Each structure stands twice: as structure tokens, then as C-alpha cells.
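Engineer: Just passing along the structure, written as C-alpha cells.
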Amino acid sequence: QVQLVESGGGLVQAGGSLRLDCAASRPTFSNYAMGWFRQAPGKERDFVAAIIWAEGTTLYADSVKGRFTIDRDNAKNTFYLQMNSLKPEDTAVYYCAANRDKNPHVTPAQAMGLLAYDYWGQGTQVTVSS
């Protein structure tokens, strides 16, 4: 079992920045993939970014490319989502997720989907005002 705890959400003006942290209860280097997803009110949970550990591949949704960066610190069992140039449409609850026991051969396409992940955080609210 792995517990994931997000932090760092909040209210920010458009154009501002936030960093979300996801602390894992077990070493992150054991994860096959780590990802961030978001869910706005009345909408489905959507992919934001992911890292496939074995390949070092980073993946981003088109809507956040060039603005968001996913990274990890194995020494702290934590991975991050740095969000810059935030827009009102980025407003959502953000969830971190880990594929630790489910699929050691996850592909980039799979890593962009909800089903690739077997552990989820509780979510943190990000609100971007215009």
C-alpha cells in the first residue's frame, strides 16, 4: 500500500504560479509511473502530466505544455507539479497518482489514462482568478 498526500493548492491570480507537492509513504523510485490529474466542477478527471520512471519520459496534456513541469525528488519520496502562467481554466481539484504495483511496462499512452494508476491522493484545490 502507498499513501499519497497532496499539498500546495490555493488561490492565485491569472499569470501567477503554484507548486503542488505529492508526498508518498513509500519510496517513489519504486513507482513505474507518477502522474497528476485534475477535475473541474461537473467535468471528468483529466490527465495533466506524468513521469514514466524507467524511461525518464515526461508527458503533458496539450493545454499545459510549456507552462507546467512535473518532477520528483526520490530522497524526499515526493513528486511535484510546478504550474506557471496559470489561467482561470486551470481551476480544478488536482490529484496525484502512482502506478506502483499495477503495470511495470506502462506505455506513454497508458500513463495518460486513469486506469494506469493504483494509488491516488485526496486532491488539492487550485483556484485561478481572472
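Here's how to read the names in the C-alpha cells: chain A, B, ... by the order shown, residue numbers from 1 in each chain, ligand numbers from 1 in the order shown.
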List every residue of chain A that DSSP, applied to the backbone of this structure, assigns to alpha helix (DSSP H), and report them as an mmCIF file with N, CA and C atoms, in the first residue's frame.
Structural biologist:
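Saved file out_13.cif follows:
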data_model
loop_
_atom_site.group_PDB
_atom_site.id
_atom_site.type_symbol
_atom_site.label_atom_id
_atom_site.label_comp_id
_atom_site.auth_asym_id
_atom_site.auth_seq_id
_atom_site.Cartn_x
_atom_site.Cartn_y
_atom_site.Cartn_z
ATOM 1 N N PRO A 108 3.543 5.242 -22.634
ATOM 2 C CA PRO A 108 3.145 6.649 -22.539
ATOM 3 C C PRO A 108 1.635 6.842 -22.709
ATOM 4 N N ALA A 109 1.051 6.142 -23.646
ATOM 5 C CA ALA A 109 -0.394 6.294 -23.853
ATOM 6 C C ALA A 109 -1.164 5.841 -22.624
ATOM 7 N N GLN A 110 -0.747 4.753 -22.022
ATOM 8 C CA GLN A 110 -1.411 4.258 -20.816
ATOM 9 C C GLN A 110 -1.226 5.220 -19.648
ATOM 10 N N ALA A 111 -0.048 5.802 -19.535
ATOM 11 C CA ALA A 111 0.261 6.692 -18.418
ATOM 12 C C ALA A 111 -0.586 7.962 -18.440
#
Engineer: I want to know what sits within 10 Å of Val128 (chain A), based on only C-alpha atoms, with residues of the same chain fewer than 6 positions away left out; could you give that as a list in words?
Structural biologist: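 What passes the distance filter is Gly10, Leu11, Val12, Gln13, Ala14, Gly15, Gly16, Ser17, Leu86, Lys87, Pro88, Glu89, Asp90, Thr91 and Ala92 of chain A.
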Engineer: Output as a ChimeraX atom specification all residues of region 38-72 of chain A that backbone DSSP marks as strand (DSSP E).
Structural biologist: /A:38-39,45-52,57-60,68-72
Engineer: Name all residues at most 8 Å from Val48 (chain A) (count only C-alpha atoms; drop same-chain ones fewer than 4 positions away) and give them as a list in words.
Structural biologist: Gly35, Trp36, Phe37, Arg38, Tyr60, Ala61, Val64 and Met112 of chain A
Engineer: Closest to Tyr95 (chain A) among A:Ile52, A:Val2, A:Ala75, A:Cys22, using only C-alpha atoms?
Structural biologist: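 Looking only at the distances to Tyr95 (chain A), the closest residue turns out to be A:Cys22.
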Engineer: Kindly give the distance, in Å, that separates CA of Pro27 (chain A) and CA of Gly66 (chain A), rounded to a single decimal.
Structural biologist: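 Here the two named atoms are 28.2 Å from each other.
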Engineer: Residues at most 8 Å from Ala33 (chain A), counting only C-alpha atoms, excluding those fewer than 2 positions away in the same chain, as a ChimeraX atom specification?
Structural biologist: /A:31,35,50-53,98-100,106,111,117
Engineer: In Å, rounded to a single decimal, give me how far CA of Ala23 (chain A) is from CA of Gln125 (chain A).
Structural biologist: 16.2 Å
Engineer: Can you measure CA of Gly123 (chain A) to CA of Glu55 (chain A) for me? One decimal in Å is fine.
Structural biologist: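 Interatomic distance here is 26.7 Å.
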Engineer: Show which residues sit within 8 Å of Gln39 (chain A), as a JSON list (two decimals) with N, CA and C atoms, in the first residue's frame. Count only C-alpha atoms, and ignore same-chain residues fewer than 6 positions away.
Structural biologist:
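Okay, this is what ended up in around-v9.json:
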[["chain", "number", "residue", "atom", "x", "y", "z"],
["A", 45, "ARG", "N", -12.39, 13.72, -14.68],
["A", 45, "ARG", "CA", -11.00, 13.87, -14.24],
["A", 45, "ARG", "C", -10.10, 13.70, -15.45],
["A", 46, "ASP", "N", -9.27, 14.71, -15.69],
["A", 46, "ASP", "CA", -8.43, 14.76, -16.89],
["A", 46, "ASP", "C", -6.95, 14.66, -16.58],
["A", 92, "ALA", "N", -9.34, 23.79, -10.70],
["A", 92, "ALA", "CA", -9.80, 22.41, -10.55],
["A", 92, "ALA", "C", -9.25, 21.85, -9.24],
["A", 93, "VAL", "N", -9.73, 20.66, -8.90],
["A", 93, "VAL", "CA", -9.08, 19.88, -7.84],
["A", 93, "VAL", "C", -8.02, 19.02, -8.52],
["A", 94, "TYR", "N", -6.81, 19.10, -8.03],
["A", 94, "TYR", "CA", -5.69, 18.38, -8.61],
["A", 94, "TYR", "C", -5.37, 17.14, -7.77]]
Engineer: Rank A:Leu81, A:Tyr32, A:Pro41, A:Glu6 by their smallest atom-to-atom distance to Ala116 (chain A), using only C-alpha atoms, and report the top residue only.
Structural biologist: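 Selected residue with least distance to Ala116 (chain A): A:Tyr32.
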Engineer: Let me make sure I understand: among A:Asn103, A:Gly56, A:Asn74, A:Ser129, which one has the smallest atom-to-atom distance to Ser25 (chain A) if we use only C-alpha atoms?
Structural biologist: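 Of the candidates, the smallest distance to Ser25 (chain A) is held by A:Asn74.
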